[in-house]
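A.B. asks: A single structure is presented below for examination.
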Amino acid sequence: MMSSKNHLLELKNLKIDFGAESTPAVTGIGFTLNRGQTIGIVGESGSGKSLTSLALMGLLPKGAHVRSGIANLYDDQGSIDLLNIPESEIRKIRGNRVAMIFQEPMTSLNPVMTCGEQVSEALRQHQKIGKSEAAQRTIELFKDVELPRPTEMFYNYPHQLSGGQKQRVMIAMAMSCEPDLLIADEPTTALDVTVQKRILELLHRLKTRNNMGLIFISHDLGLISNVADQILVMYRGELLESGKTADVLSKPTHNYTRALLSCKPKLNTNPRRLPTVSGYLQKSEISVVHEAKIKETKTSVLIEAKELEVWYSSKRDWKGTPTAYVKAVNNVSFDVRRGETLGLVGESGCGKSTLGRAILRLATLHSGKVIYNGTDISTFNESQMRPLRKRMQLIFQDPYASLNPRFTVEQALKEPLMVHGLVKNRKETNQKIDAIMDRVGLSSDGKGKYPHEFSGGQRQRICIARALMVEPEFIVCDESVSALDVSVQAQVLNLLNDLKDDYGLTYIFISHDLGVVKYMSDRMIVMRKGIIEEYGNTEEIYKQPSSAYTAMLIDAIPELKDY
C-alpha cells in the first residue's frame, strides 16, 4: 500500500474489452499519480486513452467491460478502488472527488438548461446546499475560470456562448466540488491557440491552488510537452512508452512515439510531405521529411475580393426590423492567385469562416464585390450561381455533420453528379465514383457503407471526394483538419497537396492552427474582429510579423519543448 500523503491514484493492470471474444480495447495499463502532478496520456483515436479515463469515472460506453484492474484512489482515510465499487458508490465520487472535462462542451452541456443551472445542480447534488447558495457559488466559480460577465453567463444557454466560454463552464462544473482528481479529455482540441493557452494556464493555476492530480489526454505531443510531468504513450490499447516528459520526448524508445513527434507541422521547417505514423513505421517517408517545400510564384488571379462587408443584425425592434449590426466582415480586400493556397487564420469570431462563405456566395454581402475569373458575381442570384457551384466547392470542419447519415457513400458521391448533370448513365457514374474514391485513398468496396461505419479521417476523405466529384478549380477548406489526430491530419494535408498538384486546384485554407496554415499556404491573411490584421507571404509573416496581434498568435502556439 502507498504510504505518502501525496499519493493520489494507483492504476494497475487495467483491461477493457467489448465482449468476451473481442480484441481487448485496453490491455494492462497502469500508472501512479501524485497530488499536484499532471500525467499526459497521448495517442491516436482508438488507442484506448479515453476509455481508460471513462473507466476511472465509471462511465464506460454500453458493451464495454472492465475485465481486470485496480484503481486505488487515496485520501487521509485510506483508499477506494474505483473499478470495483457499486454504482451507488461511484455516483457519490463522480463529480465530487473525481471530475472530468470532456472534449466537446456543446454535446456535454444540456442545451435546455442555463449554464448556471447546470453547475448549480452539480453543487447541490454533492454538497447538499440550498438553491441560493449554489447560485452564488456558481457565479464565484465563473469568476474563477475568468468568464466575462459571470452573473449574465449564469442565465445564458450553451448556444449563446463561444467554444472557449463553453469549455470554461465545463471546467467550472468540474471544479465545483474541488475534486482530488481532474481528468481533461482533449479539452482544447477545437479551440483557438490563444483560448487554448488561457485554458491551459487556468488548469495549471487551479491544479496548483487545490493540490489536485490532473490526467491530461491529447493526441498532440507538442501540447502535452507543455503541461505534463509524466507521459504515457498508448497505441491500440497498449502502453508503449512511459516516463518523465523530458525523458520520453528527448529520447523516445519506440518508433511510434517518434512518429507522433514527426507528424505535426512545425514552425521552423517546411517539409515537402508530412510524415505519417504508418509511413514512419515503415520508414518510407523519412527521406523527404526535411526537404524544402517548393513554392512557385503565382501571377494569374482567380478571385478578387473588393471591400467586402458582411453584416448580421444584433438587435431588432418590435416589428423585427434590425436596429443594430455586427460587422462580421468589415471592408476586406484581397486576391487569390490561381494554383496557390491562401491561408486564413484568426481567433473564433474573427470572421474567417464568414469570409470564406462570402467568397462562395453562401453568405449575403452587405457591400463589396467578389470577382471570379474576371466576372463580378456579387449580384448573381441563385440560378446564375448554379453553373458556378461545380467550380467552387467547400470542405467543412466536421465530416460527420456534413454527411447525410442516411446516405451511403455511393449516394453521397452520386448526388452532386446528378444535380449538375455530369453523367449520362449508371456505368459512367460508377466509374467516376470508383476513380475518385481510389484517388482519395478509399476502397470502392466500402461505397455501400454509411458514414458512421468510417473513422473520422475516412469521413473527411469522403467529404474531399464529394467536393472533387464535380471537378472544381477552387475549394474553401474550412477548419477541415482541426478535429483530427495529428497522424490522420498529416495524411489529409498530404492528400490535399497531392490533389492540388494533380488537378490544378486553388485553395483558401481556413484554420485556427497556425502551424498547419504555415505548412499549407503560400500566402496568408490574419483576421481580427472582421478586418485584415496582416496579409502577405507566409514565411515572411512568420519570421517577422508586422502586427503585434500576429506575434501574439504565433507566441501562443504550443510548440514541442526542447529537452
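Scheme for the C-alpha cells: letters A, B, ... for chains in order shown; per-chain residue numbers from 1; ligand numbers from 1 in order shown.
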Can you pull out every residue from region 315-486 of chain A that DSSP, working from the backbone, puts in alpha helix (DSSP H), and format the result as a PyMOL selection string?

C.D. replies: chain A and resi 352-359+382-389+409-419+426-439+456-468+486

A.B. asks: Residues within 10 Å of region 491-493 of chain A, please, as a short mmCIF file (atom, residue, chain, number, x, y, z; two decimals) with C-alpha atoms, in the first residue's frame. Count only C-alpha atoms; anything in the same chain fewer than 5 positions from it doesn't count.

C.D. replies:
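Contents of the output file out.cif:
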```cif
data_model
loop_
_atom_site.label_atom_id
_atom_site.label_comp_id
_atom_site.auth_asym_id
_atom_site.auth_seq_id
_atom_site.Cartn_x
_atom_site.Cartn_y
_atom_site.Cartn_z
CA CYS A 263 3.59 14.20 -37.80
CA PRO A 265 3.66 20.58 -38.79
CA ARG A 273 5.41 15.98 -47.30
CA LEU A 274 4.43 15.42 -43.70
CA PRO A 275 5.42 12.02 -42.31
CA THR A 276 2.51 9.84 -41.17
CA VAL A 277 2.56 7.18 -38.48
CA SER A 278 2.22 4.31 -40.96
CA GLY A 279 4.83 5.80 -43.27
CA VAL A 440 -8.51 9.89 -52.04
CA GLY A 441 -7.29 6.58 -50.63
CA GLY A 457 -10.15 10.58 -41.19
CA GLN A 458 -12.02 8.34 -43.64
CA GLN A 460 -13.04 13.59 -44.16
CA ARG A 461 -11.72 11.77 -47.24
CA ILE A 464 -12.99 15.63 -50.08
CA SER A 480 -11.13 20.72 -42.35
CA VAL A 481 -8.43 19.03 -40.23
CA LEU A 484 -8.31 15.03 -36.50
CA ASP A 485 -5.44 13.22 -34.80
CA VAL A 486 -2.01 14.55 -35.80
CA ASP A 498 -1.31 15.99 -53.88
CA LEU A 499 -4.77 16.80 -55.24
CA VAL A 516 -0.93 23.89 -40.17
CA TYR A 519 2.71 24.29 -43.76
CA MET A 520 -0.13 24.54 -46.29
#
```

A.B. asks: Could you give me, as a PyMOL selection string, the residues within 7 Å of region 381-398 of chain A, counting only C-alpha atoms and dropping anything in the same chain fewer than 6 positions from it?

C.D. replies: chain A and resi 360+463-464+467+470-482

A.B. asks: Produce a file of the selected residues containing N, CA and C atoms, as a short mmCIF file (atom, residue, chain, number, x, y, z; two decimals), in the first residue's frame.

C.D. replies:
```cif
data_model
loop_
_atom_site.label_atom_id
_atom_site.label_comp_id
_atom_site.auth_asym_id
_atom_site.auth_seq_id
_atom_site.Cartn_x
_atom_site.Cartn_y
_atom_site.Cartn_z
N LEU A 360 -17.78 32.31 -51.62
CA LEU A 360 -18.57 31.30 -52.33
C LEU A 360 -20.01 31.74 -52.56
N CYS A 463 -15.67 13.45 -47.70
CA CYS A 463 -16.06 14.84 -47.97
C CYS A 463 -15.19 15.46 -49.06
N ILE A 464 -13.90 15.14 -49.03
CA ILE A 464 -12.99 15.63 -50.08
C ILE A 464 -13.38 15.02 -51.42
N ALA A 467 -16.40 16.76 -52.81
CA ALA A 467 -16.07 18.06 -53.40
C ALA A 467 -15.42 17.91 -54.77
N VAL A 470 -17.35 17.03 -58.82
CA VAL A 470 -17.80 17.96 -59.86
C VAL A 470 -16.62 18.65 -60.55
N GLU A 471 -15.40 18.17 -60.30
CA GLU A 471 -14.17 18.69 -60.92
C GLU A 471 -14.04 20.21 -60.75
N PRO A 472 -13.96 20.67 -59.49
CA PRO A 472 -13.85 22.11 -59.23
C PRO A 472 -12.44 22.62 -59.52
N GLU A 473 -12.31 23.95 -59.55
CA GLU A 473 -10.98 24.55 -59.65
C GLU A 473 -10.62 25.32 -58.38
N PHE A 474 -11.62 25.54 -57.52
CA PHE A 474 -11.40 26.33 -56.31
C PHE A 474 -12.14 25.68 -55.14
N ILE A 475 -11.44 25.48 -54.01
CA ILE A 475 -12.04 24.86 -52.83
C ILE A 475 -11.70 25.67 -51.59
N VAL A 476 -12.70 25.94 -50.77
CA VAL A 476 -12.51 26.53 -49.45
C VAL A 476 -12.50 25.39 -48.44
N CYS A 477 -11.38 25.24 -47.72
CA CYS A 477 -11.24 24.21 -46.68
C CYS A 477 -11.44 24.92 -45.34
N ASP A 478 -12.61 24.74 -44.73
CA ASP A 478 -12.95 25.47 -43.51
C ASP A 478 -12.69 24.60 -42.29
N GLU A 479 -11.56 24.79 -41.62
CA GLU A 479 -11.16 24.01 -40.44
C GLU A 479 -11.29 22.51 -40.71
N SER A 480 -10.84 22.08 -41.90
CA SER A 480 -11.13 20.72 -42.35
C SER A 480 -10.24 19.66 -41.72
N VAL A 481 -9.25 20.04 -40.91
CA VAL A 481 -8.43 19.03 -40.23
C VAL A 481 -8.31 19.28 -38.73
N SER A 482 -9.07 20.26 -38.21
CA SER A 482 -8.86 20.69 -36.82
C SER A 482 -9.26 19.63 -35.80
#
```

A.B. asks: Which neighbours of region 338-348 of chain A fall inside 6 Å, counting only C-alpha atoms, when residues of the same chain fewer than 3 positions from it are skipped, and could you give them as number ranges by chain?

C.D. replies: A: 192, 300-302, 504-512, 517, 521-527

A.B. asks: Could those selected residues go to a file with N, CA, C and O atoms, as a short mmCIF file (atom, residue, chain, number, x, y, z; two decimals), in the first residue's frame?

C.D. replies:
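Generated file (part-v8.cif):
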```
data_model
loop_
_atom_site.label_atom_id
_atom_site.label_comp_id
_atom_site.auth_asym_id
_atom_site.auth_seq_id
_atom_site.Cartn_x
_atom_site.Cartn_y
_atom_site.Cartn_z
N ASP A 192 -9.10 27.97 -30.44
CA ASP A 192 -8.03 28.81 -30.96
C ASP A 192 -6.80 28.72 -30.07
O ASP A 192 -6.90 28.44 -28.87
N SER A 300 -1.45 34.68 -62.12
CA SER A 300 -2.82 34.78 -62.61
C SER A 300 -3.80 34.80 -61.44
O SER A 300 -3.81 33.90 -60.61
N VAL A 301 -4.63 35.85 -61.37
CA VAL A 301 -5.58 35.99 -60.28
C VAL A 301 -6.88 35.26 -60.62
O VAL A 301 -7.47 35.48 -61.69
N LEU A 302 -7.31 34.37 -59.72
CA LEU A 302 -8.58 33.65 -59.93
C LEU A 302 -9.73 34.38 -59.26
O LEU A 302 -10.82 34.50 -59.82
N GLY A 504 -4.68 20.88 -60.36
CA GLY A 504 -4.50 22.32 -60.52
C GLY A 504 -5.45 23.13 -59.66
O GLY A 504 -5.95 24.17 -60.09
N LEU A 505 -5.70 22.65 -58.44
CA LEU A 505 -6.68 23.30 -57.57
C LEU A 505 -6.12 24.57 -56.93
O LEU A 505 -4.91 24.74 -56.78
N THR A 506 -7.03 25.44 -56.53
CA THR A 506 -6.72 26.64 -55.75
C THR A 506 -7.48 26.54 -54.44
O THR A 506 -8.66 26.20 -54.43
N TYR A 507 -6.80 26.81 -53.33
CA TYR A 507 -7.43 26.68 -52.01
C TYR A 507 -7.44 28.00 -51.25
O TYR A 507 -6.50 28.78 -51.33
N ILE A 508 -8.51 28.20 -50.49
CA ILE A 508 -8.46 29.06 -49.30
C ILE A 508 -8.51 28.10 -48.13
O ILE A 508 -9.46 27.33 -48.00
N PHE A 509 -7.48 28.12 -47.30
CA PHE A 509 -7.36 27.16 -46.20
C PHE A 509 -7.56 27.90 -44.90
O PHE A 509 -6.71 28.68 -44.46
N ILE A 510 -8.72 27.66 -44.24
CA ILE A 510 -9.09 28.35 -43.02
C ILE A 510 -8.76 27.47 -41.82
O ILE A 510 -9.12 26.30 -41.79
N SER A 511 -8.07 28.04 -40.84
CA SER A 511 -7.73 27.25 -39.65
C SER A 511 -7.34 28.17 -38.51
O SER A 511 -6.91 29.30 -38.72
N HIS A 512 -7.53 27.66 -37.27
CA HIS A 512 -7.00 28.38 -36.10
C HIS A 512 -5.62 27.86 -35.74
O HIS A 512 -4.97 28.40 -34.85
N VAL A 517 -1.45 26.11 -41.03
CA VAL A 517 -1.56 27.13 -42.07
C VAL A 517 -0.19 27.44 -42.67
O VAL A 517 -0.05 27.60 -43.89
N SER A 521 0.13 26.94 -46.71
CA SER A 521 -0.17 28.12 -47.52
C SER A 521 1.05 28.82 -48.11
O SER A 521 2.14 28.79 -47.54
N ASP A 522 0.83 29.43 -49.27
CA ASP A 522 1.85 30.25 -49.92
C ASP A 522 1.80 31.68 -49.37
O ASP A 522 2.82 32.29 -49.10
N ARG A 523 0.59 32.20 -49.27
CA ARG A 523 0.37 33.50 -48.63
C ARG A 523 -0.69 33.31 -47.56
O ARG A 523 -1.41 32.31 -47.55
N MET A 524 -0.80 34.28 -46.66
CA MET A 524 -1.80 34.14 -45.60
C MET A 524 -2.39 35.48 -45.22
O MET A 524 -1.78 36.55 -45.39
N ILE A 525 -3.61 35.39 -44.68
CA ILE A 525 -4.32 36.55 -44.13
C ILE A 525 -4.56 36.28 -42.65
O ILE A 525 -5.01 35.20 -42.27
N VAL A 526 -4.23 37.25 -41.81
CA VAL A 526 -4.55 37.18 -40.39
C VAL A 526 -5.73 38.12 -40.14
O VAL A 526 -5.65 39.31 -40.43
N MET A 527 -6.85 37.56 -39.64
CA MET A 527 -8.05 38.36 -39.40
C MET A 527 -8.26 38.59 -37.91
O MET A 527 -7.92 37.75 -37.07
#
```

A.B. asks: Extract, using only C-alpha atoms, all DNA, RNA and protein residues at most 12 Å from Gly448 (chain A), discarding same-chain residues fewer than 3 positions from it, and format them as number ranges by chain.

C.D. replies: A: 406-414, 430, 433-434, 443-445, 451, 453-454

A.B. asks: Can those selected residues be exported to a file as a CSV table (one decimal), in the first residue's frame so that it contains N, CA and C atoms?

C.D. replies:
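This went into selection-v8.csv:
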```
chain,number,residue,atom,x,y,z
A,406,ARG,N,-28.1,9.1,-43.6
A,406,ARG,CA,-29.0,8.1,-44.2
A,406,ARG,C,-28.5,7.8,-45.6
A,407,PHE,N,-27.5,8.5,-46.1
A,407,PHE,CA,-26.9,8.2,-47.4
A,407,PHE,C,-25.7,7.3,-47.3
A,408,THR,N,-25.6,6.3,-48.1
A,408,THR,CA,-24.4,5.6,-48.3
A,408,THR,C,-23.3,6.5,-48.9
A,409,VAL,N,-22.1,6.1,-48.9
A,409,VAL,CA,-21.0,6.8,-49.6
A,409,VAL,C,-21.4,7.0,-51.1
A,410,GLU,N,-21.8,5.9,-51.7
A,410,GLU,CA,-22.2,6.0,-53.1
A,410,GLU,C,-23.3,7.0,-53.4
A,411,GLN,N,-24.3,7.1,-52.5
A,411,GLN,CA,-25.4,8.1,-52.7
A,411,GLN,C,-24.8,9.5,-52.5
A,412,ALA,N,-24.0,9.6,-51.5
A,412,ALA,CA,-23.4,11.0,-51.2
A,412,ALA,C,-22.6,11.5,-52.4
A,413,LEU,N,-21.8,10.6,-53.0
A,413,LEU,CA,-20.9,11.0,-54.1
A,413,LEU,C,-21.7,11.1,-55.4
A,414,LYS,N,-22.8,10.4,-55.5
A,414,LYS,CA,-23.6,10.4,-56.8
A,414,LYS,C,-24.4,11.7,-56.8
A,430,ASN,N,-20.7,5.1,-61.8
A,430,ASN,CA,-19.9,4.1,-61.0
A,430,ASN,C,-18.4,4.3,-61.3
A,433,ILE,N,-17.2,7.5,-59.5
A,433,ILE,CA,-17.2,7.2,-58.0
A,433,ILE,C,-16.0,6.4,-57.6
A,434,ASP,N,-15.8,5.3,-58.4
A,434,ASP,CA,-14.7,4.4,-58.1
A,434,ASP,C,-13.3,5.1,-58.2
A,443,SER,N,-11.2,2.5,-50.4
A,443,SER,CA,-11.6,1.4,-51.2
A,443,SER,C,-13.0,1.5,-51.7
A,444,SER,N,-13.2,1.3,-53.0
A,444,SER,CA,-14.6,1.4,-53.6
A,444,SER,C,-15.5,0.3,-53.0
A,445,ASP,N,-14.9,-0.7,-52.4
A,445,ASP,CA,-15.7,-1.8,-51.8
A,445,ASP,C,-16.5,-1.2,-50.6
A,451,PRO,N,-21.9,6.7,-43.3
A,451,PRO,CA,-20.8,7.5,-42.6
A,451,PRO,C,-20.4,7.0,-41.3
A,453,GLU,N,-19.9,4.2,-40.2
A,453,GLU,CA,-19.1,3.0,-40.3
A,453,GLU,C,-17.6,3.3,-40.7
A,454,PHE,N,-17.3,4.6,-40.8
A,454,PHE,CA,-15.9,5.0,-41.1
A,454,PHE,C,-15.3,5.8,-39.9
```

A.B. asks: Would you pick out the contacts of Trp311 (chain A) at 7 Å or less, using only C-alpha atoms, so that residues sharing its chain but fewer than 3 positions from it are not included, and give the list as an MDAnalysis selection string?

C.D. replies: chainID A and resid 325:329 366

A.B. asks: Print the selection's residues with C-alpha atoms to a file, as a PDB file, in the first residue's frame.

C.D. replies:
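Everything below was put into part.pdb:
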```pdb
ATOM      1  CA  TYR A 325     -25.479  45.206 -36.652  1.00  0.00           C
ATOM      2  CA  VAL A 326     -22.333  43.183 -36.126  1.00  0.00           C
ATOM      3  CA  LYS A 327     -19.837  43.678 -38.940  1.00  0.00           C
ATOM      4  CA  ALA A 328     -18.584  40.087 -39.272  1.00  0.00           C
ATOM      5  CA  VAL A 329     -16.511  41.075 -42.322  1.00  0.00           C
ATOM      6  CA  HIS A 366     -23.801  43.874 -47.389  1.00  0.00           C
TER       7      HIS A 366
END
```

A.B. asks: I'd like to know which of A:Asp555, A:Leu403, A:Lys264, A:Tyr503 is closest to His452 (chain A), using only C-alpha atoms.

C.D. replies: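 That would be A:Leu403, the residue with the smallest distance to His452 (chain A).
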
A.B. asks: What gap, in Å, lies between CA of Leu422 (chain A) and CA of Thr379 (chain A)?

C.D. replies: 26.2 Å

A.B. asks: If I take CA of Glu534 (chain A) and CA of Thr269 (chain A), how far is one from the other in Å, to one decimal?

C.D. replies: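 That distance, rounded to one decimal, is 21.7 Å.
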
A.B. asks: So which residues touch region 196-206 of chain A within 9 Å, counting only C-alpha atoms, skipping near sequence neighbours fewer than 5 positions away, as a PyMOL selection string?

C.D. replies: chain A and resi 144-146+164+167-168+171+175+187-191+211-212+214+226-227+556-558

A.B. asks: Name the closest residue to Arg124 (chain A) among the candidates A:Asn156, A:Thr138, A:Asn34, A:Thr538; distances are taken between atoms, counting only C-alpha atoms.

C.D. replies: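 Between A:Asn156, A:Thr138, A:Asn34, A:Thr538, the residue approaching Arg124 (chain A) most closely is A:Thr138.
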
A.B. asks: Out of A:His126, A:Lys62, A:Lys15, A:Arg258, which residue has the shortest atom-to-atom distance to Ile93 (chain A) when counting only C-alpha atoms?

C.D. replies: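 Looking at the shortest contact to Ile93 (chain A), the residue is A:His126.
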
A.B. asks: Rank nothing, just name the residue among A:Met469, A:Leu417, A:Gln127, A:Gly78 nearest to Met437 (chain A), using only C-alpha atoms.

C.D. replies: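 Nearest to Met437 (chain A): A:Met469.
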
A.B. asks: Which residue is closest to Val310 (chain A)? Choose from A:Met418, A:Val42, A:Val332, A:Met552 and count only C-alpha atoms.

C.D. replies: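 Nearest to Val310 (chain A): A:Val332.
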
A.B. asks: Kindly indicate which residue among A:Glu152, A:Gly63, A:Glu415, A:Lys518 lies nearest to Asn270 (chain A), using only C-alpha atoms for the distances.

C.D. replies: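 Ranking A:Glu152, A:Gly63, A:Glu415, A:Lys518 by distance to Asn270 (chain A), first place goes to A:Lys518.
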
A.B. asks: Could you write out, as a short mmCIF file (atom, residue, chain, number, x, y, z; two decimals) with N, CA and C atoms, in the first residue's frame, all the residues of region 106-354 of chain A that DSSP marks as strand (DSSP E or B)?

C.D. replies:
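What landed in selection_23.cif:
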```
data_model
loop_
_atom_site.label_atom_id
_atom_site.label_comp_id
_atom_site.auth_asym_id
_atom_site.auth_seq_id
_atom_site.Cartn_x
_atom_site.Cartn_y
_atom_site.Cartn_z
N LEU A 181 -9.03 14.60 -8.08
CA LEU A 181 -8.52 14.17 -9.39
C LEU A 181 -9.36 14.79 -10.49
N LEU A 182 -8.71 15.46 -11.44
CA LEU A 182 -9.40 16.03 -12.60
C LEU A 182 -8.87 15.37 -13.86
N ILE A 183 -9.80 14.87 -14.68
CA ILE A 183 -9.44 14.26 -15.97
C ILE A 183 -9.88 15.22 -17.07
N ALA A 184 -8.94 15.65 -17.90
CA ALA A 184 -9.23 16.56 -19.01
C ALA A 184 -9.02 15.81 -20.32
N ASP A 185 -10.12 15.47 -21.00
CA ASP A 185 -10.05 14.65 -22.21
C ASP A 185 -10.11 15.55 -23.44
N GLY A 213 -4.55 16.18 -8.57
CA GLY A 213 -3.90 15.45 -9.65
C GLY A 213 -4.65 15.69 -10.94
N LEU A 214 -3.92 15.77 -12.04
CA LEU A 214 -4.52 16.04 -13.35
C LEU A 214 -4.08 14.99 -14.35
N ILE A 215 -5.06 14.37 -15.00
CA ILE A 215 -4.79 13.48 -16.14
C ILE A 215 -5.20 14.24 -17.38
N PHE A 216 -4.25 14.54 -18.25
CA PHE A 216 -4.49 15.35 -19.44
C PHE A 216 -4.34 14.46 -20.68
N ILE A 217 -5.43 14.29 -21.42
CA ILE A 217 -5.46 13.40 -22.58
C ILE A 217 -5.41 14.22 -23.86
N SER A 218 -4.53 13.83 -24.77
CA SER A 218 -4.40 14.56 -26.03
C SER A 218 -3.75 13.67 -27.09
N GLN A 230 4.65 13.71 -16.46
CA GLN A 230 4.92 12.39 -16.99
C GLN A 230 4.06 12.14 -18.21
N ILE A 231 4.52 11.25 -19.10
CA ILE A 231 3.79 10.93 -20.33
C ILE A 231 3.58 9.43 -20.44
N LEU A 232 2.36 9.06 -20.88
CA LEU A 232 2.07 7.68 -21.27
C LEU A 232 1.71 7.71 -22.76
N VAL A 233 2.38 6.91 -23.56
CA VAL A 233 2.08 6.81 -24.99
C VAL A 233 1.31 5.52 -25.24
N MET A 234 0.08 5.65 -25.76
CA MET A 234 -0.77 4.48 -26.00
C MET A 234 -1.00 4.26 -27.48
N TYR A 235 -1.11 2.99 -27.85
CA TYR A 235 -1.37 2.61 -29.25
C TYR A 235 -2.17 1.32 -29.26
N GLU A 238 -2.55 -0.54 -25.97
CA GLU A 238 -1.35 -0.92 -25.23
C GLU A 238 -0.55 0.31 -24.82
N LEU A 239 0.13 0.19 -23.68
CA LEU A 239 1.05 1.23 -23.23
C LEU A 239 2.42 0.93 -23.82
N LEU A 240 2.83 1.76 -24.79
CA LEU A 240 4.11 1.53 -25.47
C LEU A 240 5.29 2.13 -24.74
N GLU A 241 5.03 3.27 -24.09
CA GLU A 241 6.15 4.01 -23.51
C GLU A 241 5.63 4.93 -22.43
N SER A 242 6.40 5.07 -21.35
CA SER A 242 6.01 5.99 -20.28
C SER A 242 7.26 6.47 -19.55
N GLY A 243 7.10 7.59 -18.85
CA GLY A 243 8.22 8.14 -18.10
C GLY A 243 8.09 9.64 -17.94
N LYS A 244 9.13 10.26 -17.40
CA LYS A 244 9.14 11.71 -17.27
C LYS A 244 9.07 12.35 -18.65
N PRO A 271 8.57 20.71 -44.63
CA PRO A 271 8.83 19.51 -45.43
C PRO A 271 7.94 19.47 -46.66
N ALA A 292 12.79 21.03 -48.50
CA ALA A 292 12.06 22.30 -48.50
C ALA A 292 10.87 22.21 -49.44
N VAL A 301 -4.63 35.85 -61.37
CA VAL A 301 -5.58 35.99 -60.28
C VAL A 301 -6.88 35.26 -60.62
N LEU A 302 -7.31 34.37 -59.72
CA LEU A 302 -8.58 33.65 -59.93
C LEU A 302 -9.73 34.38 -59.26
N ILE A 303 -9.48 34.89 -58.05
CA ILE A 303 -10.55 35.54 -57.27
C ILE A 303 -10.05 36.87 -56.72
N GLU A 304 -10.91 37.88 -56.79
CA GLU A 304 -10.64 39.16 -56.15
C GLU A 304 -11.79 39.50 -55.21
N ALA A 305 -11.44 39.88 -54.00
CA ALA A 305 -12.43 40.41 -53.05
C ALA A 305 -12.15 41.90 -52.91
N LYS A 306 -13.18 42.70 -53.14
CA LYS A 306 -13.00 44.15 -53.08
C LYS A 306 -13.96 44.77 -52.06
N GLU A 307 -13.38 45.27 -50.99
CA GLU A 307 -14.12 45.99 -49.95
C GLU A 307 -15.35 45.21 -49.48
N LEU A 308 -15.17 43.93 -49.22
CA LEU A 308 -16.28 43.08 -48.81
C LEU A 308 -16.76 43.43 -47.41
N GLU A 309 -18.09 43.44 -47.25
CA GLU A 309 -18.67 43.61 -45.93
C GLU A 309 -19.85 42.64 -45.78
N VAL A 310 -19.87 41.93 -44.66
CA VAL A 310 -20.99 41.05 -44.31
C VAL A 310 -21.45 41.46 -42.92
N TRP A 311 -22.73 41.87 -42.83
CA TRP A 311 -23.29 42.33 -41.56
C TRP A 311 -24.37 41.36 -41.08
N TYR A 312 -24.45 41.20 -39.77
CA TYR A 312 -25.53 40.43 -39.15
C TYR A 312 -26.24 41.31 -38.14
N SER A 313 -27.57 41.21 -38.08
CA SER A 313 -28.32 42.03 -37.13
C SER A 313 -28.07 41.52 -35.71
N SER A 314 -27.82 42.44 -34.78
CA SER A 314 -27.63 42.08 -33.37
C SER A 314 -28.80 42.50 -32.51
N LYS A 315 -29.60 43.45 -33.02
CA LYS A 315 -30.81 43.89 -32.30
C LYS A 315 -31.92 44.17 -33.31
N ARG A 316 -33.15 43.92 -32.88
CA ARG A 316 -34.32 44.22 -33.71
C ARG A 316 -35.38 44.92 -32.87
N PRO A 322 -34.13 45.23 -38.10
CA PRO A 322 -32.81 45.37 -37.47
C PRO A 322 -32.52 46.81 -37.06
N THR A 323 -32.02 46.97 -35.85
CA THR A 323 -31.67 48.31 -35.36
C THR A 323 -30.17 48.43 -35.05
N ALA A 324 -29.47 47.29 -35.00
CA ALA A 324 -28.02 47.31 -34.76
C ALA A 324 -27.41 46.10 -35.47
N TYR A 325 -26.13 46.24 -35.86
CA TYR A 325 -25.48 45.21 -36.65
C TYR A 325 -24.11 44.86 -36.08
N VAL A 326 -23.71 43.61 -36.35
CA VAL A 326 -22.33 43.18 -36.13
C VAL A 326 -21.68 43.07 -37.50
N LYS A 327 -20.55 43.75 -37.67
CA LYS A 327 -19.84 43.68 -38.94
C LYS A 327 -18.87 42.49 -38.90
N ALA A 328 -19.38 41.32 -39.32
CA ALA A 328 -18.58 40.09 -39.27
C ALA A 328 -17.39 40.17 -40.21
N VAL A 329 -17.59 40.79 -41.37
CA VAL A 329 -16.51 41.07 -42.32
C VAL A 329 -16.61 42.55 -42.65
N ASN A 330 -15.51 43.28 -42.45
CA ASN A 330 -15.58 44.74 -42.49
C ASN A 330 -14.53 45.31 -43.45
N ASN A 331 -14.96 45.63 -44.66
CA ASN A 331 -14.11 46.30 -45.65
C ASN A 331 -12.84 45.51 -45.95
N VAL A 332 -13.01 44.27 -46.38
CA VAL A 332 -11.89 43.35 -46.61
C VAL A 332 -11.61 43.24 -48.11
N SER A 333 -10.34 43.38 -48.48
CA SER A 333 -9.92 43.26 -49.88
C SER A 333 -8.68 42.37 -49.97
N PHE A 334 -8.67 41.47 -50.94
CA PHE A 334 -7.51 40.60 -51.20
C PHE A 334 -7.74 39.88 -52.51
N ASP A 335 -6.72 39.14 -52.96
CA ASP A 335 -6.91 38.30 -54.15
C ASP A 335 -6.37 36.90 -53.88
N VAL A 336 -6.84 35.95 -54.66
CA VAL A 336 -6.36 34.57 -54.60
C VAL A 336 -5.83 34.22 -55.98
N ARG A 337 -4.56 33.83 -56.04
CA ARG A 337 -3.92 33.54 -57.32
C ARG A 337 -4.18 32.09 -57.71
N THR A 341 -2.34 28.29 -52.42
CA THR A 341 -3.13 28.11 -51.21
C THR A 341 -3.00 29.38 -50.39
N LEU A 342 -4.12 30.04 -50.17
CA LEU A 342 -4.16 31.24 -49.34
C LEU A 342 -4.66 30.84 -47.96
N GLY A 343 -3.83 30.99 -46.94
CA GLY A 343 -4.22 30.66 -45.57
C GLY A 343 -5.00 31.79 -44.94
N LEU A 344 -5.97 31.42 -44.12
CA LEU A 344 -6.82 32.40 -43.46
C LEU A 344 -6.91 32.01 -41.98
N VAL A 345 -6.30 32.82 -41.10
CA VAL A 345 -6.23 32.47 -39.68
C VAL A 345 -6.79 33.59 -38.81
#
```

A.B. asks: Work out how far CA of Ala401 (chain A) is from CA of Lys166 (chain A), in Å to one decimal.

C.D. replies: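 Atom-to-atom, CA of Lys166 (chain A) and CA of Ala401 (chain A) are spaced 19.8 Å apart.
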